[in-house]
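Data file: data.txt. Format and content: compact mmCIF, C-alpha atoms.
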```txt
# COMPACT_ATOMS: atom_id res chain seq x y z
CA MET W 17 -24.77 64.92 226.72
CA SER W 18 -21.17 65.55 225.78
CA ALA W 19 -19.36 62.76 223.94
CA SER W 20 -16.22 62.09 221.95
CA ALA W 21 -16.27 60.46 218.51
CA ARG W 22 -13.99 59.86 215.56
CA SER W 23 -14.46 62.09 212.52
CA GLU W 24 -15.95 59.23 210.47
CA GLU W 25 -18.43 58.50 213.28
CA ILE W 26 -19.42 62.14 213.44
CA GLU W 27 -20.03 62.18 209.71
CA LYS W 28 -22.04 58.94 209.84
CA TYR W 29 -24.24 59.79 212.80
CA ARG W 30 -24.66 63.55 212.44
CA LEU W 31 -28.30 64.64 212.26
CA HIS W 32 -29.65 66.13 209.04
CA ALA W 33 -33.01 67.68 208.19
CA GLY W 34 -35.47 65.13 206.84
CA GLN W 35 -34.18 62.17 208.82
CA VAL W 36 -36.18 60.21 211.40
CA ALA W 37 -34.77 58.78 214.62
CA ILE W 38 -36.39 55.99 216.66
CA THR W 39 -35.69 54.46 220.06
CA LYS W 40 -34.41 50.92 219.55
CA ASP W 41 -34.20 49.51 223.11
CA SER W 42 -36.01 49.89 226.42
CA GLU W 43 -37.22 48.03 229.51
CA THR W 44 -40.57 47.04 227.97
CA ARG W 45 -41.71 45.82 224.55
CA ASP W 46 -44.21 48.63 224.06
CA ASP W 47 -41.68 51.38 224.76
CA ILE W 48 -39.52 51.00 221.66
CA GLY W 49 -39.77 52.37 218.14
CA HIS W 50 -40.88 55.86 219.18
CA PRO W 51 -40.08 58.22 216.28
CA VAL W 52 -39.02 61.85 216.04
CA TYR W 53 -38.59 63.93 212.90
CA ILE W 54 -35.31 65.81 212.47
CA ALA W 55 -36.44 69.21 211.22
CA ASP W 56 -33.03 70.94 210.97
CA ASP W 57 -29.38 70.16 210.32
CA PHE W 58 -27.20 69.79 213.44
CA GLU W 59 -23.49 70.42 212.95
CA ASP W 60 -22.42 69.38 216.45
CA VAL W 61 -24.98 66.71 217.42
CA ILE W 62 -24.77 62.97 216.80
CA LEU W 63 -27.17 60.15 217.63
CA GLY W 64 -26.46 57.83 220.57
CA TYR W 65 -26.51 54.04 220.42
CA HIS W 66 -29.95 53.69 222.07
CA CYS W 67 -31.48 55.12 218.89
CA ALA W 68 -31.55 54.27 215.19
CA LEU W 69 -31.26 56.89 212.47
CA ILE W 70 -33.30 56.49 209.29
CA SER W 71 -32.44 58.50 206.18
CA PRO W 72 -35.26 58.39 203.58
CA HIS W 73 -34.26 58.18 199.91
CA ALA W 74 -35.00 61.50 198.19
CA GLY W 75 -38.08 61.40 196.03
CA LYS W 76 -39.20 58.01 197.35
CA LEU W 77 -39.98 58.51 201.03
CA ASP W 78 -40.79 61.75 202.87
CA GLY W 79 -39.38 62.03 206.41
CA LYS W 80 -42.47 63.71 207.84
CA PHE W 81 -44.68 61.02 206.31
CA LEU W 82 -42.42 58.30 207.74
CA ASN W 83 -42.53 59.94 211.16
CA ALA W 84 -46.34 59.84 211.07
CA LEU W 85 -46.39 56.29 209.74
CA LEU W 86 -44.16 55.05 212.55
CA ARG W 87 -46.64 56.48 215.09
CA THR W 88 -49.48 54.21 213.89
CA ARG W 89 -50.71 51.31 216.01
CA TYR W 90 -49.87 48.94 213.13
CA VAL W 91 -46.16 49.78 213.22
CA SER W 92 -45.92 49.97 217.01
CA ASP W 93 -47.48 46.49 217.23
CA TYR W 94 -44.97 45.24 214.65
CA PHE W 95 -42.06 46.60 216.71
CA SER W 96 -43.47 45.08 219.91
CA ARG W 97 -43.89 41.65 218.30
CA ASN W 98 -40.43 41.69 216.73
CA ALA W 99 -38.48 42.98 219.72
CA GLY W 100 -35.68 40.74 220.90
CA GLY W 101 -34.45 40.21 224.45
CA SER W 102 -36.33 39.31 227.60
CA GLY W 103 -36.49 40.17 231.25
CA GLN W 104 -34.80 43.50 231.88
CA ARG W 105 -34.35 44.90 228.37
CA TYR W 106 -35.83 44.58 224.89
CA TYR W 107 -34.34 45.78 221.61
CA LEU W 108 -34.96 46.14 217.89
CA SER W 109 -32.39 44.55 215.62
CA ASP W 110 -31.21 46.29 212.45
CA SER W 111 -32.99 43.67 210.34
CA SER W 112 -36.33 44.07 212.16
CA ILE W 113 -36.19 47.82 211.56
CA LYS W 114 -35.20 47.45 207.89
CA ASP W 115 -37.89 44.80 207.27
CA THR W 116 -40.73 46.92 208.69
CA PRO W 117 -43.61 46.59 206.18
CA LEU W 118 -45.01 49.97 205.17
CA PHE W 119 -47.98 51.24 203.20
CA LEU W 120 -46.29 53.60 200.76
CA PRO W 121 -48.40 55.84 198.51
CA PRO W 122 -46.82 57.89 195.71
CA PHE W 123 -44.33 60.51 196.91
CA GLU W 124 -46.58 63.48 196.06
CA GLU W 125 -49.39 61.94 198.10
CA GLN W 126 -46.98 61.37 200.98
CA LEU W 127 -46.27 65.10 200.99
CA LEU W 128 -49.99 65.91 201.09
CA ILE W 129 -50.65 63.49 203.96
CA ALA W 130 -47.63 64.78 205.88
CA GLY W 131 -48.88 68.33 205.31
CA ILE W 132 -52.29 67.58 206.80
CA LEU W 133 -50.91 65.82 209.87
CA GLY W 134 -48.12 68.36 210.17
CA SER W 135 -50.55 71.27 210.25
CA LEU W 136 -52.34 69.64 213.19
CA ASP W 137 -49.04 69.04 214.98
CA GLU W 138 -47.99 72.63 214.37
CA LYS W 139 -51.24 73.97 215.80
CA ILE W 140 -50.83 71.74 218.84
CA GLU W 141 -47.30 73.09 219.30
CA VAL W 142 -48.54 76.70 218.95
CA ASN W 143 -51.05 76.03 221.72
CA ARG W 144 -48.38 74.51 223.93
CA ARG W 145 -46.20 77.61 223.55
CA LYS W 146 -49.23 79.79 224.25
CA ILE W 147 -49.96 77.84 227.43
CA ALA W 148 -46.35 78.16 228.58
CA GLU W 149 -46.45 81.93 228.03
CA LEU W 150 -49.79 82.28 229.83
CA LYS W 151 -48.54 80.25 232.79
CA PHE W 152 -45.44 82.41 232.98
CA LEU W 153 -47.59 85.55 232.81
CA ALA W 154 -49.89 84.37 235.63
CA LYS W 155 -46.91 83.53 237.84
CA THR W 156 -45.16 86.81 237.07
CA ILE W 157 -48.20 88.91 237.98
CA TYR W 158 -48.82 86.86 241.15
CA ASP W 159 -45.19 87.16 242.29
CA TYR W 160 -45.18 90.88 241.59
CA TRP W 161 -48.35 91.44 243.62
CA PHE W 162 -48.12 88.87 246.44
CA VAL W 163 -44.45 87.95 246.80
CA GLN W 164 -42.75 91.28 246.10
CA TYR W 165 -45.86 93.14 247.37
CA ASP W 166 -45.78 95.60 244.49
CA PHE W 167 -49.49 95.43 243.75
CA PRO W 168 -50.97 98.81 242.65
CA ASP W 169 -51.61 101.10 245.60
CA VAL W 170 -54.44 103.67 245.71
CA ASN W 171 -52.48 105.88 243.34
CA GLY W 172 -51.63 103.08 240.94
CA ASN W 173 -48.01 102.88 242.07
CA PRO W 174 -46.21 99.64 243.14
CA TYR W 175 -46.99 99.38 246.87
CA LYS W 176 -43.74 98.29 248.51
CA SER W 177 -41.39 100.01 246.05
CA SER W 178 -43.27 103.25 246.65
CA GLY W 179 -42.77 103.07 250.39
CA GLY W 180 -45.91 101.20 251.41
CA ALA W 181 -46.00 100.38 255.12
CA MET W 182 -45.08 96.83 256.16
CA GLU W 183 -45.55 94.94 259.42
CA TRP W 184 -43.98 91.84 260.94
CA LYS W 185 -46.10 88.71 261.39
CA ASP W 186 -44.70 86.23 263.91
CA GLU W 187 -46.85 83.40 262.54
CA LEU W 188 -45.30 83.79 259.08
CA LYS W 189 -41.88 84.97 260.25
CA ARG W 190 -41.82 87.74 257.68
CA GLU W 191 -43.16 91.18 256.88
CA VAL W 192 -46.41 91.70 254.97
CA PRO W 193 -48.21 94.87 253.90
CA MET W 194 -49.88 96.81 256.72
CA GLY W 195 -53.43 95.63 257.33
CA TRP W 196 -53.04 92.15 255.83
CA SER W 197 -54.26 89.35 258.06
CA VAL W 198 -52.89 85.84 258.62
CA VAL W 199 -55.37 83.10 257.75
CA THR W 200 -55.45 79.37 257.13
CA LEU W 201 -55.70 77.88 253.66
CA PHE W 202 -59.10 76.45 254.63
CA SER W 203 -60.46 79.95 255.24
CA ILE W 204 -59.87 80.99 251.61
CA ALA W 205 -60.37 77.65 249.82
CA GLU W 206 -62.84 74.79 249.94
CA ILE W 207 -60.90 71.54 250.24
CA VAL W 208 -62.10 68.08 249.24
CA MET W 209 -59.82 65.18 250.23
CA GLY W 210 -59.92 62.25 247.82
CA GLN W 211 -61.27 58.79 248.57
CA SER W 212 -60.50 55.83 246.34
CA PRO W 213 -63.35 53.72 244.94
CA PRO W 214 -63.15 49.88 245.01
CA GLY W 215 -60.52 48.52 242.66
CA LYS W 216 -63.03 46.27 240.90
CA THR W 217 -64.90 49.38 239.68
CA LEU W 218 -61.88 50.77 237.80
CA ASN W 219 -61.52 50.45 234.04
CA GLU W 220 -59.80 52.05 231.04
CA ASP W 221 -62.77 51.57 228.71
CA GLY W 222 -64.44 54.91 229.46
CA ARG W 223 -67.21 53.38 231.59
CA GLY W 224 -68.44 55.60 234.40
CA THR W 225 -66.71 58.65 235.85
CA LEU W 226 -63.21 59.90 235.09
CA PHE W 227 -60.91 58.97 238.00
CA PHE W 228 -57.49 60.16 239.15
CA GLN W 229 -55.82 58.25 241.97
CA GLY W 230 -52.83 60.55 242.36
CA SER W 231 -50.33 62.62 240.44
CA SER W 232 -49.10 59.78 238.21
CA ASP W 233 -51.30 61.02 235.35
CA PHE W 234 -50.47 64.71 235.90
CA GLY W 235 -49.43 66.66 232.85
CA ASP W 236 -48.04 70.13 232.31
CA VAL W 237 -51.47 71.66 232.99
CA SER W 238 -54.04 68.89 233.45
CA PRO W 239 -54.03 65.10 233.96
CA SER W 240 -54.27 62.58 231.13
CA ASN W 241 -57.64 60.86 230.94
CA ARG W 242 -56.91 57.18 231.44
CA THR W 243 -58.89 55.55 234.28
CA PHE W 244 -62.62 55.52 235.03
CA THR W 245 -64.76 54.21 237.88
CA THR W 246 -68.35 53.05 238.01
CA GLU W 247 -68.61 53.89 241.75
CA PRO W 248 -67.20 57.40 242.28
CA LYS W 249 -66.68 58.58 245.85
CA ARG W 250 -65.19 62.07 246.30
CA MET W 251 -65.59 64.46 243.37
CA ALA W 252 -63.69 67.47 242.05
CA ARG W 253 -65.48 70.10 240.00
CA GLN W 254 -64.47 71.52 236.65
CA GLY W 255 -61.85 74.21 237.24
CA ASP W 256 -60.73 72.87 240.65
CA ILE W 257 -57.04 72.76 241.49
CA LEU W 258 -55.90 69.17 242.03
CA LEU W 259 -53.14 68.89 244.65
CA SER W 260 -51.04 65.78 245.19
CA VAL W 261 -51.13 64.94 248.91
CA ARG W 262 -49.07 61.76 248.65
CA ALA W 263 -45.54 61.47 247.38
CA PRO W 264 -44.68 63.60 245.63
CA VAL W 265 -46.57 66.06 247.82
CA GLY W 266 -47.27 69.47 246.28
CA ALA W 267 -47.70 68.86 242.54
CA THR W 268 -50.74 70.66 241.11
CA ASN W 269 -52.91 70.28 238.02
CA LEU W 270 -56.17 71.70 236.71
CA ALA W 271 -59.37 69.63 236.57
CA LEU W 272 -60.76 70.24 233.08
CA SER W 273 -64.01 68.51 233.96
CA SER W 274 -65.82 66.96 236.90
CA CYS W 275 -63.89 63.89 238.08
CA CYS W 276 -63.50 61.44 240.93
CA ILE W 277 -60.33 61.81 243.01
CA GLY W 278 -58.51 59.13 245.00
CA ARG W 279 -56.58 59.19 248.24
CA GLY W 280 -53.52 60.71 246.60
CA LEU W 281 -55.28 63.96 245.69
CA ALA W 282 -57.18 66.87 247.14
CA ALA W 283 -59.37 69.31 245.20
CA LEU W 284 -59.30 73.01 246.06
CA ARG W 285 -61.48 75.90 244.90
CA GLY W 286 -61.40 79.53 246.01
CA ARG W 287 -64.09 80.79 248.37
CA LYS W 288 -63.78 84.49 247.48
CA CYS W 289 -60.81 84.37 245.15
CA SER W 290 -60.00 82.77 241.79
CA ASN W 291 -58.55 79.30 241.43
CA VAL W 292 -55.58 80.92 239.70
CA PHE W 293 -54.83 82.66 243.00
CA ILE W 294 -55.20 79.37 244.88
CA GLN W 295 -52.85 77.49 242.54
CA GLN W 296 -50.20 80.20 242.61
CA THR W 297 -50.48 80.42 246.40
CA LEU W 298 -49.87 76.67 246.69
CA LYS W 299 -46.66 77.14 244.71
CA THR W 300 -45.38 79.61 247.34
CA VAL W 301 -45.47 76.88 250.00
CA GLU W 302 -43.68 74.26 247.88
CA SER W 303 -40.77 74.22 250.34
CA ARG W 304 -43.14 72.97 253.05
CA PHE W 305 -44.47 70.33 250.70
CA ALA W 306 -40.92 69.29 249.78
CA ALA W 307 -40.20 68.66 253.47
CA LYS W 308 -43.18 66.29 253.60
CA ASN W 309 -41.70 64.23 250.78
CA VAL W 310 -38.86 63.12 253.05
CA ASP W 311 -41.04 62.49 256.10
CA GLY W 312 -42.19 59.06 257.20
CA THR W 313 -40.77 55.61 256.73
CA THR W 314 -42.21 54.89 253.26
CA PHE W 315 -43.50 57.98 251.49
CA GLY W 316 -44.49 61.54 252.28
CA SER W 317 -48.10 62.52 252.75
CA LEU W 318 -50.17 65.53 253.76
CA SER W 319 -53.15 65.07 256.06
CA ARG W 320 -56.43 66.97 255.83
CA ASP W 321 -55.70 68.97 258.99
CA GLU W 322 -52.16 69.82 257.85
CA LEU W 323 -53.47 71.06 254.51
CA ARG W 324 -56.30 73.05 256.03
CA GLY W 325 -54.01 74.62 258.63
CA ILE W 326 -51.37 76.06 256.27
CA LEU W 327 -50.91 79.72 257.27
CA LEU W 328 -50.98 82.43 254.60
CA ALA W 329 -50.93 86.21 254.29
CA ASN W 330 -54.42 87.29 253.26
CA PRO W 331 -54.77 90.43 251.08
CA PRO W 332 -57.80 92.72 251.43
CA SER W 333 -60.78 91.80 249.24
CA ASP W 334 -60.34 94.78 246.88
CA ILE W 335 -56.78 93.68 246.01
CA LEU W 336 -57.92 90.09 245.48
CA SER W 337 -60.73 91.26 243.22
CA ALA W 338 -58.35 93.40 241.16
CA PHE W 339 -55.96 90.46 240.75
CA ASP W 340 -58.74 88.05 239.83
CA GLU W 341 -60.01 90.45 237.18
CA ILE W 342 -56.62 90.08 235.47
CA ALA W 343 -55.85 86.46 236.31
CA SER W 344 -59.18 84.74 235.67
CA PRO W 345 -59.12 85.40 231.88
CA ILE W 346 -55.57 84.02 231.81
CA GLY W 347 -56.73 80.86 233.56
CA GLU W 348 -59.65 80.48 231.16
CA ALA W 349 -57.36 80.96 228.15
CA ILE W 350 -55.10 78.19 229.47
CA ARG W 351 -58.08 75.86 229.95
CA THR W 352 -59.41 76.61 226.46
CA SER W 353 -56.01 75.97 224.87
CA VAL W 354 -55.64 72.63 226.66
CA LEU W 355 -59.09 71.53 225.50
CA GLU W 356 -58.19 72.54 221.95
CA ILE W 357 -55.01 70.47 222.13
CA GLN W 358 -57.08 67.47 223.21
CA GLU W 359 -59.48 67.94 220.31
CA LEU W 360 -56.69 68.44 217.76
CA THR W 361 -54.88 65.36 219.09
CA LYS W 362 -58.09 63.36 218.80
CA GLN W 363 -58.55 64.50 215.20
CA ARG W 364 -54.94 63.71 214.32
CA ASP W 365 -55.06 60.26 215.90
CA MET W 366 -58.35 59.51 214.13
CA LEU W 367 -57.01 60.58 210.73
CA LEU W 368 -53.62 58.93 211.13
CA PRO W 369 -54.59 55.27 210.52
CA LEU W 370 -57.15 56.19 207.84
CA LEU W 371 -54.56 58.12 205.83
CA MET W 372 -51.81 55.61 206.45
CA ASN W 373 -53.72 52.54 205.24
CA GLY W 374 -55.35 54.23 202.27
CA GLN W 375 -58.93 54.29 203.61
CA VAL W 376 -58.96 58.04 203.09
CA GLU W 377 -57.42 59.65 200.02
CA VAL W 378 -56.03 63.15 199.80
CA LYS W 379 -57.10 65.00 196.67
```

Step by step, read the file and then write its structure as structure tokens.
Amino acid sequence: MSASARSEEIEKYRLHAGQVAITKDSETRDDIGHPVYIADDFEDVILGYHCALISPHAGKLDGKFLNALLRTRYVSDYFSRNAGGSGQRYYLSDSSIKDTPLFLPPFEEQLLIAGILGSLDEKIEVNRRKIAELKFLAKTIYDYWFVQYDFPDVNGNPYKSSGGAMEWKDELKREVPMGWSVVTLFSIAEIVMGQSPPGKTLNEDGRGTLFFQGSSDFGDVSPSNRTFTTEPKRMARQGDILLSVRAPVGATNLALSSCCIGRGLAALRGRKCSNVFIQQTLKTVESRFAAKNVDGTTFGSLSRDELRGILLANPPSDILSAFDEIASPIGEAIRTSVLEIQELTKQRDMLLPLLMNGQVEVK
């Protein structure tokens, strides 16, 4: 955001490397005190009034260690208990922040602990960048082949740019390469519509089968594991594409493992094509999904018949096979990186309280 400030305010609230900022007010008690480490100096950035800026004393408190410490359950519980306000907004007073009790080992040990946790965070961030690049690569190749129609022709040249023949398809209201057919989504993908289990069977204790009701738990690649059911109904397989069929219609995620899906989701898997192809194809009809989000009196939804009947241009099997040979390893690399992030996060969160309360020492 752009803002104006007096020179003394700019000097006081400018961000410097080594500081830690936390959120100090929000709508709920458990949504305050979230920390972030300031890794670099910012000459033209200041902190807004919804946050508090903490500047550790040199040689006494390490900023990275403090950032990790503020992420522990102990500190978050302290902030929740000491939050002021009620009803619509809660806040942390200056005194409650300053009086936060901390376990503080010697400075050199702080650096070692911060280094261990930091290395895990850095690896997680490397994987996130890798995933972003792989997703971009998969989309770029798909668009080049099946949107621009410049897939390799028999001579290895880009088809449309090299003068490949095109023909008009009334059903699609556009040209497609000569010989391509028009098919329904159901003809190229198996589709499982979700069905919600009884509410009394749901839990967040890990009992039973992983369950996703809709897109509320969707992440950048896959959903967050939060809810389970002891009476699963409709199941998605590992590797299936999960599609939100209730507002917002059209969001997609990858099922990392077998899971139960509720009424807000459908699971799709390719019949004779990769799931990467299916997911990228769903993205090409996002405009149709967007129209569904404004339909109806309450919220948009997509029925089984509407989903099955979506019309698509169908490439010949040899072109699909050539694409899948390239795309499937990309999809597997994305899945592997996501699983590694989950494992690294689990390790970090397991180590965090042990290191912070002195149960584990760093030699």

> If we count all atoms listed in the file, what is near Leu128 (chain W) at a cut-off of 12 Å, once residues fewer than 2 positions away on the same chain are taken out, given as a VMD selection string?
Replying inline: chain W and resid 78 80 to 81 121 to 126 130 to 135 371 to 372 377 to 379

>> If I take CA of Leu108 (chain W) and CA of Leu31 (chain W), how far is one from the other in Å, to one decimal?
In response: 20.5 Å

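Nearest-residue note for Ile357 (chain W): choosing from W:Asp57, W:Glu25, W:Glu141, W:Glu341, the minimum distance belongs to W:Glu141, counting all atoms listed in the file.
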
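The coordinates place CA of Asp93 (chain W) at 28.0 Å from CA of Thr245 (chain W).
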
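Using only C-alpha atoms for every distance, the candidate list W:Cys275, W:Lys185, W:Arg45, W:Arg242 yields W:Lys185 as the residue closest to Val199 (chain W).
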
> Hey, what's within 10 Å of Ile54 (chain W) if we count only C-alpha atoms and toss same-chain stuff fewer than 5 positions away? As a PyMOL selection string, please?
Replying inline: chain W and resi 31-37+69+79-80+83

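Shortest separation to Glu220 (chain W) among W:Thr246, W:Ser238, W:Leu153, W:Asp166 occurs at residue W:Thr246, atoms counted being all atoms listed in the file.
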
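Proximity ranking of W:Val163, W:Leu368, W:Ile48, W:Met209 relative to Arg105 (chain W) places W:Ile48 first, based on all atoms listed in the file.
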
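In this model, the gap between CA of Thr88 (chain W) and CA of Phe119 (chain W) comes to 11.2 Å.
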
Exercise: Val198 (chain W) partners within 10 Å, only C-alpha atoms, chain neighbours under 5 positions left out, as a PDB file with C-alpha atoms, keeping the file's coordinate frame:
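around13.pdb was written with the following content:
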```
ATOM      1  CA  LYS W 185     -46.100  88.710 261.390  1.00  0.00           C
ATOM      2  CA  ASP W 186     -44.700  86.230 263.910  1.00  0.00           C
ATOM      3  CA  GLU W 187     -46.850  83.400 262.540  1.00  0.00           C
ATOM      4  CA  LEU W 188     -45.300  83.790 259.080  1.00  0.00           C
ATOM      5  CA  VAL W 192     -46.410  91.700 254.970  1.00  0.00           C
ATOM      6  CA  LEU W 327     -50.910  79.720 257.270  1.00  0.00           C
ATOM      7  CA  LEU W 328     -50.980  82.430 254.600  1.00  0.00           C
ATOM      8  CA  ALA W 329     -50.930  86.210 254.290  1.00  0.00           C
ATOM      9  CA  ASN W 330     -54.420  87.290 253.260  1.00  0.00           C
ATOM     10  CA  PRO W 331     -54.770  90.430 251.080  1.00  0.00           C
TER      11      PRO W 331
END
```

So which residues touch Thr243 (chain W) within 7 Å, counting only C-alpha atoms, skipping near sequence neighbours fewer than 3 positions away, as a PDB file with C-alpha atoms, in the coordinates of the input?
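Once written, around_26.pdb looks like this:
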```pdb
ATOM      1  CA  LEU W 218     -61.880  50.770 237.800  1.00  0.00           C
ATOM      2  CA  ASN W 219     -61.520  50.450 234.040  1.00  0.00           C
ATOM      3  CA  GLU W 220     -59.800  52.050 231.040  1.00  0.00           C
ATOM      4  CA  LEU W 226     -63.210  59.900 235.090  1.00  0.00           C
ATOM      5  CA  PHE W 227     -60.910  58.970 238.000  1.00  0.00           C
ATOM      6  CA  PHE W 228     -57.490  60.160 239.150  1.00  0.00           C
TER       7      PHE W 228
END
```

Per residue of region 142-205 of chain W within 12 Å of region 280-299 of chain W, what are the shortest atom pair and its distance in Å to one decimal, counting all atoms listed in the file, with rows by chain and residue number, as JSON lines?
```
{"residue": "W:Leu150", "atom": "CA", "partner": "W:Val292", "partner_atom": "CA", "distance": 11.5}
{"residue": "W:Lys151", "atom": "CA", "partner": "W:Val292", "partner_atom": "CA", "distance": 9.9}
{"residue": "W:Phe152", "atom": "CA", "partner": "W:Gln296", "partner_atom": "CA", "distance": 11.0}
{"residue": "W:Leu153", "atom": "CA", "partner": "W:Gln296", "partner_atom": "CA", "distance": 11.5}
{"residue": "W:Ala154", "atom": "CA", "partner": "W:Val292", "partner_atom": "CA", "distance": 7.8}
{"residue": "W:Lys155", "atom": "CA", "partner": "W:Gln296", "partner_atom": "CA", "distance": 6.7}
{"residue": "W:Thr156", "atom": "CA", "partner": "W:Gln296", "partner_atom": "CA", "distance": 10.0}
{"residue": "W:Ile157", "atom": "CA", "partner": "W:Gln296", "partner_atom": "CA", "distance": 10.1}
{"residue": "W:Tyr158", "atom": "CA", "partner": "W:Gln296", "partner_atom": "CA", "distance": 7.0}
{"residue": "W:Asp159", "atom": "CA", "partner": "W:Gln296", "partner_atom": "CA", "distance": 8.6}
{"residue": "W:Tyr160", "atom": "CA", "partner": "W:Gln296", "partner_atom": "CA", "distance": 11.8}
{"residue": "W:Trp161", "atom": "CA", "partner": "W:Phe293", "partner_atom": "CA", "distance": 10.9}
{"residue": "W:Phe162", "atom": "CA", "partner": "W:Thr297", "partner_atom": "CA", "distance": 8.8}
{"residue": "W:Val163", "atom": "CA", "partner": "W:Thr297", "partner_atom": "CA", "distance": 9.7}
{"residue": "W:Thr200", "atom": "CA", "partner": "W:Thr297", "partner_atom": "CA", "distance": 11.9}
{"residue": "W:Leu201", "atom": "CA", "partner": "W:Ile294", "partner_atom": "CA", "distance": 8.9}
{"residue": "W:Phe202", "atom": "CA", "partner": "W:Arg287", "partner_atom": "CA", "distance": 9.1}
{"residue": "W:Ser203", "atom": "CA", "partner": "W:Arg287", "partner_atom": "CA", "distance": 7.8}
{"residue": "W:Ile204", "atom": "CA", "partner": "W:Arg287", "partner_atom": "CA", "distance": 5.3}
{"residue": "W:Ala205", "atom": "CA", "partner": "W:Gly286", "partner_atom": "CA", "distance": 4.4}
```

Contacts of Asp365 (chain W) at 10 Å or less, counting only C-alpha atoms, minus same-chain residues fewer than 5 places along, as a PDB file with C-alpha atoms, in the frame of the given file?
```
ATOM      1  CA  ALA W  84     -46.340  59.840 211.070  1.00  0.00           C
ATOM      2  CA  ARG W  87     -46.640  56.480 215.090  1.00  0.00           C
ATOM      3  CA  THR W  88     -49.480  54.210 213.890  1.00  0.00           C
ATOM      4  CA  ARG W  89     -50.710  51.310 216.010  1.00  0.00           C
ATOM      5  CA  LEU W 133     -50.910  65.820 209.870  1.00  0.00           C
ATOM      6  CA  GLU W 359     -59.480  67.940 220.310  1.00  0.00           C
ATOM      7  CA  LEU W 360     -56.690  68.440 217.760  1.00  0.00           C
ATOM      8  CA  LEU W 370     -57.150  56.190 207.840  1.00  0.00           C
TER       9      LEU W 370
END
```

Need the axis-aligned box for region 359-373 of chain W with 5 Å each side, so what are the centre and edges in Å to one decimal, as JSON?
```
{"center_x": -55.6, "center_y": 60.5, "center_z": 212.8, "size_x": 17.7, "size_y": 25.9, "size_z": 25.1}
```

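Residue nearest Ile350 (chain W) within the list W:Lys249, W:Arg304, W:Arg144, W:Arg262: W:Arg144 [criterion: smallest interatomic distance, only C-alpha atoms].
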
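In terms of minimum interatomic distance to Leu355 (chain W), W:Asn143 ranks closest within W:Ser319, W:Gln104, W:Asn143, W:Thr300, counting only C-alpha atoms.
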
Rebuild region 343-354 of chain W so that it carries N, CA and C atoms, then output the result as a JSON list (two decimals), keeping the file's coordinate frame.
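Written output follows (out_18.json):
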```json
[["chain", "number", "residue", "atom", "x", "y", "z"],
["W", 343, "ALA", "N", -56.32, 87.84, 236.36],
["W", 343, "ALA", "CA", -55.85, 86.46, 236.31],
["W", 343, "ALA", "C", -56.89, 85.48, 235.79],
["W", 344, "SER", "N", -58.15, 85.70, 236.08],
["W", 344, "SER", "CA", -59.18, 84.74, 235.67],
["W", 344, "SER", "C", -59.23, 84.55, 234.15],
["W", 345, "PRO", "N", -59.17, 85.61, 233.34],
["W", 345, "PRO", "CA", -59.12, 85.40, 231.88],
["W", 345, "PRO", "C", -57.89, 84.62, 231.44],
["W", 346, "ILE", "N", -56.77, 84.79, 232.14],
["W", 346, "ILE", "CA", -55.57, 84.02, 231.81],
["W", 346, "ILE", "C", -55.82, 82.54, 232.08],
["W", 347, "GLY", "N", -56.42, 82.25, 233.23],
["W", 347, "GLY", "CA", -56.73, 80.86, 233.56],
["W", 347, "GLY", "C", -57.69, 80.24, 232.57],
["W", 348, "GLU", "N", -58.69, 81.00, 232.13],
["W", 348, "GLU", "CA", -59.65, 80.48, 231.16],
["W", 348, "GLU", "C", -58.99, 80.26, 229.81],
["W", 349, "ALA", "N", -58.07, 81.14, 229.42],
["W", 349, "ALA", "CA", -57.36, 80.96, 228.15],
["W", 349, "ALA", "C", -56.49, 79.71, 228.18],
["W", 350, "ILE", "N", -55.89, 79.41, 229.33],
["W", 350, "ILE", "CA", -55.10, 78.19, 229.47],
["W", 350, "ILE", "C", -56.00, 76.97, 229.32],
["W", 351, "ARG", "N", -57.15, 76.99, 230.02],
["W", 351, "ARG", "CA", -58.08, 75.86, 229.95],
["W", 351, "ARG", "C", -58.57, 75.63, 228.53],
["W", 352, "THR", "N", -58.92, 76.72, 227.83],
["W", 352, "THR", "CA", -59.41, 76.61, 226.46],
["W", 352, "THR", "C", -58.35, 76.03, 225.54],
["W", 353, "SER", "N", -57.10, 76.46, 225.72],
["W", 353, "SER", "CA", -56.01, 75.97, 224.87],
["W", 353, "SER", "C", -55.74, 74.49, 225.11],
["W", 354, "VAL", "N", -55.84, 74.05, 226.36],
["W", 354, "VAL", "CA", -55.64, 72.63, 226.66],
["W", 354, "VAL", "C", -56.74, 71.79, 226.02]]
```
